[in-house]
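Reviewing the structure listed below.
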Amino acid sequence: MKRVALVLPSFAGGGAERVALTLAGHLGQRNFGVDLCVLEGSGPLAKAVPDHVSVTDLARPRLRRALRPLARWLRRCRPQIVFSTFGYVNVGLLGLRPFLPADARLVIREANTPSQSLAQGRAPTAMRLAYRLFYPTADLVICQHQMMASEMIRRFGVAPEHAAVLPNPVDVDRVRAHAARREPGPGRRFVAAGRLTRQKGFDRLIELFGQTDAQDRLIILGDGHDRADLERRIYDRGLQARVRLSGFEPEPWSWYAGADAVLVPSRWEGLPNVALEALACGTRIIATPESGGIADVAADAPDGAVTMARWGADFAGAMAATMPRPDANARPSLLPPRYELGSVIGQFEALLTAL
């Protein structure tokens with residue numbers, strides 16, 4: 001049995017944390033054992049950790065203070081594979097490599113498209129340099145879509161044989177086990193979901209929504225440090241009756257199933273889970289071209305399932321063209337099969353076994 005050590009910053013309710021827990025939690029237990037180390041063990045996804053996964057909380061939320069105890073933990077566990085999915089944690093682990101067990105293989109997953117995300121983060125020049133210095137030393141770099149893999153090879157020097165494309169997994173049966181939920185009344189019903197940060201573009205979505213039909217409604221699911229700013233924008237534009245911040249929903253799929261369209265107004269992404277899960281619920285999505293691997297999804301999805309619209313008039317036009325659903329009956333899944341849980345887990349196990 002191979003031991004896999006998963007390293008996460010916290011149990012925050014983001015897509016990257018959910019994907020990492022899903023991948024690690026569904027590894028075949030006869031072939032892989034999973035140990036989880038979290039830098040700081042708070043967050044709503046703590047309850048989502050499978051029972052067979054052991055958890056160690058370092059209680060050190062800042063990476064620079066966590067590196068030494070993290071190295072000690074990894075030497076104690078002696079995993080064959082170390083798996084991480086946040087850029088700054090990836091860099092820290094790759095820098096720790098001389099202090100880790102010699103036979104440990106480092107597998108890193110990139111959560112965002114680097115050409116878009118690094119420019120928006122702290123110290124973008126330093127992070128680009130760190131990626132160029134450390135990412136080529138990883139044993140495997142997992143990318144969510146082909147454009148991301150191409151960037152890793154072309155911009156950051158990752159060897160082609162060390163870059164693999166693995167889409168996010170969707171547990172279609174679980175997602176579809178919820179009845180559609182929809183606010184009553186006439187008009188269209190739109191849903192958006194994600195962390196309340198600038199990346200997700202909810203600030204500009206609120207402004208754009210003021211131009212839509214007065215009967216239309218928008219629910220934004222999620223939480224984050226921009227909540228107060230978004231609430232102010234809703235109030236200043238007199239949209240309190242039409243736009244609602246509903247908070248973090250651990251199981252948001254009933255809202256996706258009841259929507260006429262799920263909106264992805266992101267400024268940058270990797271591969272947004274909300275888009276994949278909405279398609280699994282049978283709901284079409286409207287997304288910006290900057291929303292990561294949406295182009296890959298659109299190429300495989302049924303006609304009309306994915307609308308890619310540039311921000312502004314194109315996005316508003318796509319919303320205006322949306323037809324209200326006539327009933328609350330379940331709709332067939334629009335998700336391409338290669339994003340389904342069993343397919344992705346099989347690919348992930350094959351990648352780890354090959355190491």
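If you're wondering about the labels, chains in the structure tokens are A, B, ... by order shown, residues count from 1 in each chain, ligands from 1 in order shown.
Using only C-alpha atoms, the residues found no farther than 7 Å from A:Tyr256, other than those of its own chain fewer than 4 positions away, are A:Val191, A:Pro252, A:Val262, A:Ala278, A:Cys281, A:Thr283.
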Please return, as a list in words, all residues of stretch 221-291 of chain A that DSSP assigns to alpha helix (DSSP H) on the basis of the backbone.
Arg227, Ala228, Asp229, Leu230, Glu231, Arg232, Arg233, Ile234, Tyr235, Asp236, Trp253, Ser254, Trp255, Tyr256, Ala257, Gly258, Asn273, Val274, Ala275, Leu276, Glu277, Ala278, Leu279 and Ala280 of chain A
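For the pair atom CA of A:Ile286 and atom CA of A:Asn168, the separation is 18.7 Å.
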For A:Arg233, list every protein, DNA or RNA residue within 8 Å, evaluated using only C-alpha atoms, and leave out those in the same chain fewer than 2 positions away; present the list as a PyMOL selection string.
chain A and resi 203+206-207+229-231+235-237
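With only C-alpha atoms as the atoms that count, the residue of A:Asp223, A:Asp260, A:Glu290, A:Glu110 with the shortest distance to A:Ala328 is A:Asp260.
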For A:Arg155, the nearest of the candidates A:Leu96, A:Leu271, A:Ala138, A:Leu129, counting only C-alpha atoms
A:Leu129
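For the pair atom CA of A:Asp35 and atom CA of A:Gly92, the separation is 18.5 Å.
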Could you write out, as a PyMOL selection string, all the residues of stretch 55-289 of chain A that DSSP marks as strand (DSSP E)?
chain A and resi 55-57+81-84+105-109+140-143+163-165+189-193+217-221+243-247+261-264+285-287
Hey, can you spit out that residue selection with N, CA and C atoms as a short mmCIF file (atom, residue, chain, number, x, y, z; two decimals), in the first residue's frame?
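And here is the file that came out, again-v2.cif:
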```
data_model
loop_
_atom_site.label_atom_id
_atom_site.label_comp_id
_atom_site.auth_asym_id
_atom_site.auth_seq_id
_atom_site.Cartn_x
_atom_site.Cartn_y
_atom_site.Cartn_z
N VAL A 55 -6.08 12.91 10.40
CA VAL A 55 -5.89 14.36 10.28
C VAL A 55 -4.92 14.85 11.36
N THR A 56 -3.96 15.66 10.95
CA THR A 56 -3.05 16.35 11.87
C THR A 56 -3.18 17.85 11.64
N ASP A 57 -3.47 18.58 12.70
CA ASP A 57 -3.62 20.03 12.63
C ASP A 57 -2.37 20.67 13.23
N ILE A 81 4.07 9.45 -1.41
CA ILE A 81 3.58 10.54 -2.25
C ILE A 81 3.12 11.68 -1.36
N VAL A 82 3.53 12.90 -1.69
CA VAL A 82 3.06 14.11 -1.03
C VAL A 82 2.25 14.90 -2.05
N PHE A 83 1.02 15.27 -1.68
CA PHE A 83 0.09 15.90 -2.61
C PHE A 83 -0.37 17.23 -2.05
N SER A 84 -0.29 18.28 -2.87
CA SER A 84 -0.70 19.63 -2.46
C SER A 84 -1.34 20.33 -3.64
N ARG A 105 7.67 11.16 -3.42
CA ARG A 105 7.39 11.80 -4.70
C ARG A 105 6.43 12.97 -4.46
N LEU A 106 6.76 14.13 -5.00
CA LEU A 106 5.95 15.33 -4.79
C LEU A 106 5.02 15.56 -5.98
N VAL A 107 3.73 15.51 -5.70
CA VAL A 107 2.70 15.72 -6.71
C VAL A 107 1.98 17.00 -6.36
N ILE A 108 2.02 17.98 -7.26
CA ILE A 108 1.36 19.25 -7.00
C ILE A 108 0.26 19.47 -8.03
N ARG A 109 -0.81 20.07 -7.57
CA ARG A 109 -1.94 20.40 -8.45
C ARG A 109 -2.10 21.91 -8.46
N LEU A 140 5.32 15.37 -10.44
CA LEU A 140 4.14 15.44 -11.29
C LEU A 140 3.41 16.76 -11.00
N VAL A 141 3.05 17.47 -12.06
CA VAL A 141 2.25 18.69 -11.94
C VAL A 141 0.89 18.41 -12.58
N ILE A 142 -0.16 18.41 -11.75
CA ILE A 142 -1.51 18.14 -12.24
C ILE A 142 -2.17 19.45 -12.63
N CYS A 143 -2.66 19.51 -13.86
CA CYS A 143 -3.30 20.70 -14.42
C CYS A 143 -4.77 20.37 -14.71
N ALA A 163 3.86 16.81 -16.70
CA ALA A 163 2.62 17.59 -16.66
C ALA A 163 1.47 16.71 -17.11
N ALA A 164 0.43 16.63 -16.30
CA ALA A 164 -0.73 15.79 -16.62
C ALA A 164 -2.01 16.61 -16.49
N VAL A 165 -2.95 16.39 -17.39
CA VAL A 165 -4.25 17.05 -17.33
C VAL A 165 -5.23 16.13 -16.61
N ARG A 189 -34.40 33.19 -12.91
CA ARG A 189 -33.70 32.95 -11.66
C ARG A 189 -32.26 32.54 -12.00
N PHE A 190 -31.33 33.38 -11.53
CA PHE A 190 -29.91 33.14 -11.76
C PHE A 190 -29.22 32.82 -10.44
N VAL A 191 -28.20 31.96 -10.52
CA VAL A 191 -27.41 31.60 -9.35
C VAL A 191 -25.93 31.76 -9.70
N ALA A 192 -25.16 32.26 -8.74
CA ALA A 192 -23.70 32.30 -8.85
C ALA A 192 -23.16 31.80 -7.51
N ALA A 193 -21.95 31.25 -7.52
CA ALA A 193 -21.41 30.68 -6.28
C ALA A 193 -19.89 30.75 -6.28
N ARG A 217 -34.16 37.54 -10.64
CA ARG A 217 -33.57 37.43 -9.30
C ARG A 217 -32.22 36.73 -9.39
N LEU A 218 -31.33 37.10 -8.46
CA LEU A 218 -29.98 36.52 -8.41
C LEU A 218 -29.66 36.13 -6.98
N ILE A 219 -29.21 34.89 -6.81
CA ILE A 219 -28.71 34.41 -5.52
C ILE A 219 -27.22 34.13 -5.67
N ILE A 220 -26.43 34.69 -4.77
CA ILE A 220 -24.99 34.44 -4.76
C ILE A 220 -24.68 33.61 -3.52
N LEU A 221 -24.16 32.41 -3.72
CA LEU A 221 -23.83 31.50 -2.64
C LEU A 221 -22.35 31.59 -2.34
N VAL A 243 -31.35 40.85 -5.45
CA VAL A 243 -30.05 40.16 -5.31
C VAL A 243 -29.87 39.79 -3.85
N ARG A 244 -29.54 38.52 -3.61
CA ARG A 244 -29.38 38.05 -2.23
C ARG A 244 -28.06 37.31 -2.07
N LEU A 245 -27.32 37.68 -1.02
CA LEU A 245 -26.13 36.93 -0.63
C LEU A 245 -26.58 35.88 0.38
N SER A 246 -26.51 34.61 -0.01
CA SER A 246 -27.12 33.55 0.79
C SER A 246 -26.14 32.85 1.72
N GLY A 247 -24.84 33.23 1.66
CA GLY A 247 -23.85 32.60 2.53
C GLY A 247 -23.36 31.28 1.96
N ALA A 261 -30.16 29.68 -15.29
CA ALA A 261 -28.76 29.62 -15.70
C ALA A 261 -27.90 29.89 -14.49
N VAL A 262 -26.74 29.26 -14.45
CA VAL A 262 -25.74 29.53 -13.41
C VAL A 262 -24.67 30.42 -14.05
N LEU A 263 -24.33 31.49 -13.36
CA LEU A 263 -23.43 32.51 -13.89
C LEU A 263 -22.03 32.36 -13.31
N VAL A 264 -21.03 32.47 -14.17
CA VAL A 264 -19.62 32.41 -13.75
C VAL A 264 -18.94 33.67 -14.28
N ILE A 285 -24.82 27.07 -18.27
CA ILE A 285 -23.98 28.06 -17.62
C ILE A 285 -23.63 29.17 -18.60
N ILE A 286 -23.44 30.36 -18.05
CA ILE A 286 -22.93 31.51 -18.79
C ILE A 286 -21.64 31.92 -18.09
N ALA A 287 -20.53 31.90 -18.82
CA ALA A 287 -19.22 32.11 -18.19
C ALA A 287 -18.36 33.04 -19.03
#
```
For A:Gly317, please output as a PyMOL selection string all residues within 12 Å (counting only C-alpha atoms; exclusion window: fewer than 5 positions along the same chain).
chain A and resi 208-209+211-213+286+307-312+322
Can you tell me, as an MDAnalysis selection string, what residues are no more than 10 Å from A:Ser333 when counting only C-alpha atoms, ignoring any on the same chain fewer than 4 positions away?
chainID A and resid 172 176 277:284 301:302 305 337
Would you save the residues of that selection, restricted to N, CA and C atoms, as a PDB file, in the first residue's frame?
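And here's part.pdb as it stands now:
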```pdb
ATOM      1  N   VAL A 172     -21.782  12.858  -9.648  1.00  0.00           N
ATOM      2  CA  VAL A 172     -23.052  13.199 -10.289  1.00  0.00           C
ATOM      3  C   VAL A 172     -24.244  12.680  -9.497  1.00  0.00           C
ATOM      4  N   ARG A 176     -27.104  15.194  -8.000  1.00  0.00           N
ATOM      5  CA  ARG A 176     -28.455  15.115  -8.545  1.00  0.00           C
ATOM      6  C   ARG A 176     -29.474  14.551  -7.555  1.00  0.00           C
ATOM      7  N   GLU A 277     -20.752  21.334 -11.704  1.00  0.00           N
ATOM      8  CA  GLU A 277     -21.872  20.834 -10.915  1.00  0.00           C
ATOM      9  C   GLU A 277     -23.208  21.338 -11.456  1.00  0.00           C
ATOM     10  N   ALA A 278     -23.217  22.562 -11.957  1.00  0.00           N
ATOM     11  CA  ALA A 278     -24.448  23.072 -12.570  1.00  0.00           C
ATOM     12  C   ALA A 278     -24.830  22.235 -13.787  1.00  0.00           C
ATOM     13  N   LEU A 279     -23.840  21.902 -14.612  1.00  0.00           N
ATOM     14  CA  LEU A 279     -24.119  21.061 -15.776  1.00  0.00           C
ATOM     15  C   LEU A 279     -24.630  19.685 -15.346  1.00  0.00           C
ATOM     16  N   ALA A 280     -24.057  19.134 -14.277  1.00  0.00           N
ATOM     17  CA  ALA A 280     -24.537  17.845 -13.771  1.00  0.00           C
ATOM     18  C   ALA A 280     -25.996  17.933 -13.324  1.00  0.00           C
ATOM     19  N   CYS A 281     -26.421  19.116 -12.877  1.00  0.00           N
ATOM     20  CA  CYS A 281     -27.818  19.320 -12.485  1.00  0.00           C
ATOM     21  C   CYS A 281     -28.718  19.571 -13.689  1.00  0.00           C
ATOM     22  N   GLY A 282     -28.136  19.642 -14.880  1.00  0.00           N
ATOM     23  CA  GLY A 282     -28.924  19.902 -16.072  1.00  0.00           C
ATOM     24  C   GLY A 282     -29.149  21.366 -16.359  1.00  0.00           C
ATOM     25  N   THR A 283     -28.386  22.257 -15.712  1.00  0.00           N
ATOM     26  CA  THR A 283     -28.561  23.704 -15.861  1.00  0.00           C
ATOM     27  C   THR A 283     -27.440  24.281 -16.714  1.00  0.00           C
ATOM     28  N   ARG A 284     -27.804  25.101 -17.682  1.00  0.00           N
ATOM     29  CA  ARG A 284     -26.796  25.712 -18.548  1.00  0.00           C
ATOM     30  C   ARG A 284     -26.019  26.771 -17.781  1.00  0.00           C
ATOM     31  N   ALA A 301     -19.423  19.414 -24.090  1.00  0.00           N
ATOM     32  CA  ALA A 301     -20.802  19.464 -23.593  1.00  0.00           C
ATOM     33  C   ALA A 301     -21.798  19.539 -24.759  1.00  0.00           C
ATOM     34  N   PRO A 302     -23.061  19.202 -24.512  1.00  0.00           N
ATOM     35  CA  PRO A 302     -24.089  19.331 -25.561  1.00  0.00           C
ATOM     36  C   PRO A 302     -24.215  20.783 -26.026  1.00  0.00           C
ATOM     37  N   ALA A 305     -25.269  24.119 -23.878  1.00  0.00           N
ATOM     38  CA  ALA A 305     -25.075  23.930 -22.434  1.00  0.00           C
ATOM     39  C   ALA A 305     -24.151  24.987 -21.843  1.00  0.00           C
ATOM     40  N   PRO A 337     -18.980  13.011 -19.736  1.00  0.00           N
ATOM     41  CA  PRO A 337     -18.627  11.877 -18.867  1.00  0.00           C
ATOM     42  C   PRO A 337     -17.215  11.937 -18.295  1.00  0.00           C
TER      43      PRO A 337
END
```
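Using only C-alpha atoms, the shortest contact distance between A:Cys77 and any of A:Gly43, A:Phe248, A:Gly33, A:Gln120 is found at A:Gly33.
What separates atom CA of A:Thr137 from atom CA of A:Asp103 is a distance of 14.0 Å.
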Find the residue from A:Ser266, A:Thr22, A:Asn112, A:Gln29 that sits nearest to A:Ala48; use only C-alpha atoms when measuring.
A:Thr22
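Nearest residue to A:Arg3, choosing from A:Leu352, A:His225, A:Gly185, A:Arg325 and counting only C-alpha atoms: A:Leu352.
With only C-alpha atoms as the atoms that count, the minimum distance from A:Asp216 to the choices A:Lys47, A:Arg242, A:His52, A:Arg338 is reached by A:Arg242.
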Need to verify the contact set: A:Leu70, 10 Å, only C-alpha atoms, exclusion of same-chain residues closer than 2 positions in sequence. Can you return it as a PDB file with N, CA and C atoms, in the first residue's frame?
```pdb
ATOM      1  N   VAL A   7      -1.567  17.799   1.935  1.00  0.00           N
ATOM      2  CA  VAL A   7      -1.308  19.010   2.713  1.00  0.00           C
ATOM      3  C   VAL A   7      -2.255  20.103   2.249  1.00  0.00           C
ATOM      4  N   CYS A  37      -2.543  16.562   6.509  1.00  0.00           N
ATOM      5  CA  CYS A  37      -1.975  17.575   7.401  1.00  0.00           C
ATOM      6  C   CYS A  37      -2.533  18.933   6.990  1.00  0.00           C
ATOM      7  N   VAL A  38      -3.138  19.632   7.927  1.00  0.00           N
ATOM      8  CA  VAL A  38      -3.716  20.941   7.649  1.00  0.00           C
ATOM      9  C   VAL A  38      -2.957  21.974   8.481  1.00  0.00           C
ATOM     10  N   LEU A  39      -2.579  23.082   7.849  1.00  0.00           N
ATOM     11  CA  LEU A  39      -1.809  24.097   8.578  1.00  0.00           C
ATOM     12  C   LEU A  39      -2.631  24.696   9.707  1.00  0.00           C
ATOM     13  N   THR A  56      -3.956  15.656  10.951  1.00  0.00           N
ATOM     14  CA  THR A  56      -3.054  16.349  11.866  1.00  0.00           C
ATOM     15  C   THR A  56      -3.185  17.848  11.639  1.00  0.00           C
ATOM     16  N   ASP A  57      -3.471  18.581  12.703  1.00  0.00           N
ATOM     17  CA  ASP A  57      -3.620  20.031  12.634  1.00  0.00           C
ATOM     18  C   ASP A  57      -2.367  20.670  13.234  1.00  0.00           C
ATOM     19  N   LEU A  58      -1.598  21.378  12.403  1.00  0.00           N
ATOM     20  CA  LEU A  58      -0.370  22.015  12.894  1.00  0.00           C
ATOM     21  C   LEU A  58      -0.655  23.279  13.687  1.00  0.00           C
ATOM     22  N   ARG A  60      -0.824  26.273  12.735  1.00  0.00           N
ATOM     23  CA  ARG A  60       0.072  27.352  12.306  1.00  0.00           C
ATOM     24  C   ARG A  60      -0.407  27.850  10.943  1.00  0.00           C
ATOM     25  N   LEU A  63       2.370  29.916   6.499  1.00  0.00           N
ATOM     26  CA  LEU A  63       3.215  28.857   5.949  1.00  0.00           C
ATOM     27  C   LEU A  63       4.632  28.911   6.502  1.00  0.00           C
ATOM     28  N   ARG A  65       5.747  29.698   9.296  1.00  0.00           N
ATOM     29  CA  ARG A  65       5.838  29.133  10.635  1.00  0.00           C
ATOM     30  C   ARG A  65       5.478  27.648  10.649  1.00  0.00           C
ATOM     31  N   ALA A  66       4.854  27.197   9.579  1.00  0.00           N
ATOM     32  CA  ALA A  66       4.425  25.797   9.519  1.00  0.00           C
ATOM     33  C   ALA A  66       5.466  24.898   8.859  1.00  0.00           C
ATOM     34  N   LEU A  67       6.449  25.460   8.143  1.00  0.00           N
ATOM     35  CA  LEU A  67       7.347  24.637   7.337  1.00  0.00           C
ATOM     36  C   LEU A  67       8.137  23.640   8.182  1.00  0.00           C
ATOM     37  N   ARG A  68       8.667  24.081   9.309  1.00  0.00           N
ATOM     38  CA  ARG A  68       9.479  23.168  10.125  1.00  0.00           C
ATOM     39  C   ARG A  68       8.644  22.023  10.702  1.00  0.00           C
ATOM     40  N   ARG A  72       8.812  17.911   9.836  1.00  0.00           N
ATOM     41  CA  ARG A  72       8.898  16.864  10.870  1.00  0.00           C
ATOM     42  C   ARG A  72       7.783  15.849  10.709  1.00  0.00           C
ATOM     43  N   TRP A  73       6.559  16.353  10.427  1.00  0.00           N
ATOM     44  CA  TRP A  73       5.415  15.450  10.249  1.00  0.00           C
ATOM     45  C   TRP A  73       5.634  14.529   9.055  1.00  0.00           C
ATOM     46  N   LEU A  74       6.136  15.056   7.960  1.00  0.00           N
ATOM     47  CA  LEU A  74       6.349  14.236   6.769  1.00  0.00           C
ATOM     48  C   LEU A  74       7.455  13.199   7.004  1.00  0.00           C
ATOM     49  N   ARG A  75       8.491  13.559   7.747  1.00  0.00           N
ATOM     50  CA  ARG A  75       9.536  12.569   8.050  1.00  0.00           C
ATOM     51  C   ARG A  75       8.990  11.462   8.945  1.00  0.00           C
ATOM     52  N   ARG A  76       8.049  11.832   9.826  1.00  0.00           N
ATOM     53  CA  ARG A  76       7.436  10.829  10.704  1.00  0.00           C
ATOM     54  C   ARG A  76       6.532   9.894   9.919  1.00  0.00           C
ATOM     55  N   LEU A  93       6.553  23.302  -0.189  1.00  0.00           N
ATOM     56  CA  LEU A  93       6.884  21.873  -0.122  1.00  0.00           C
ATOM     57  C   LEU A  93       8.050  21.522  -1.040  1.00  0.00           C
ATOM     58  N   LEU A  96      11.154  22.458   0.502  1.00  0.00           N
ATOM     59  CA  LEU A  96      11.516  21.590   1.639  1.00  0.00           C
ATOM     60  C   LEU A  96      12.109  20.259   1.193  1.00  0.00           C
ATOM     61  N   LEU A 100      12.975  16.224   3.268  1.00  0.00           N
ATOM     62  CA  LEU A 100      11.922  15.215   3.277  1.00  0.00           C
ATOM     63  C   LEU A 100      12.505  13.836   3.002  1.00  0.00           C
TER      64      LEU A 100
END
```
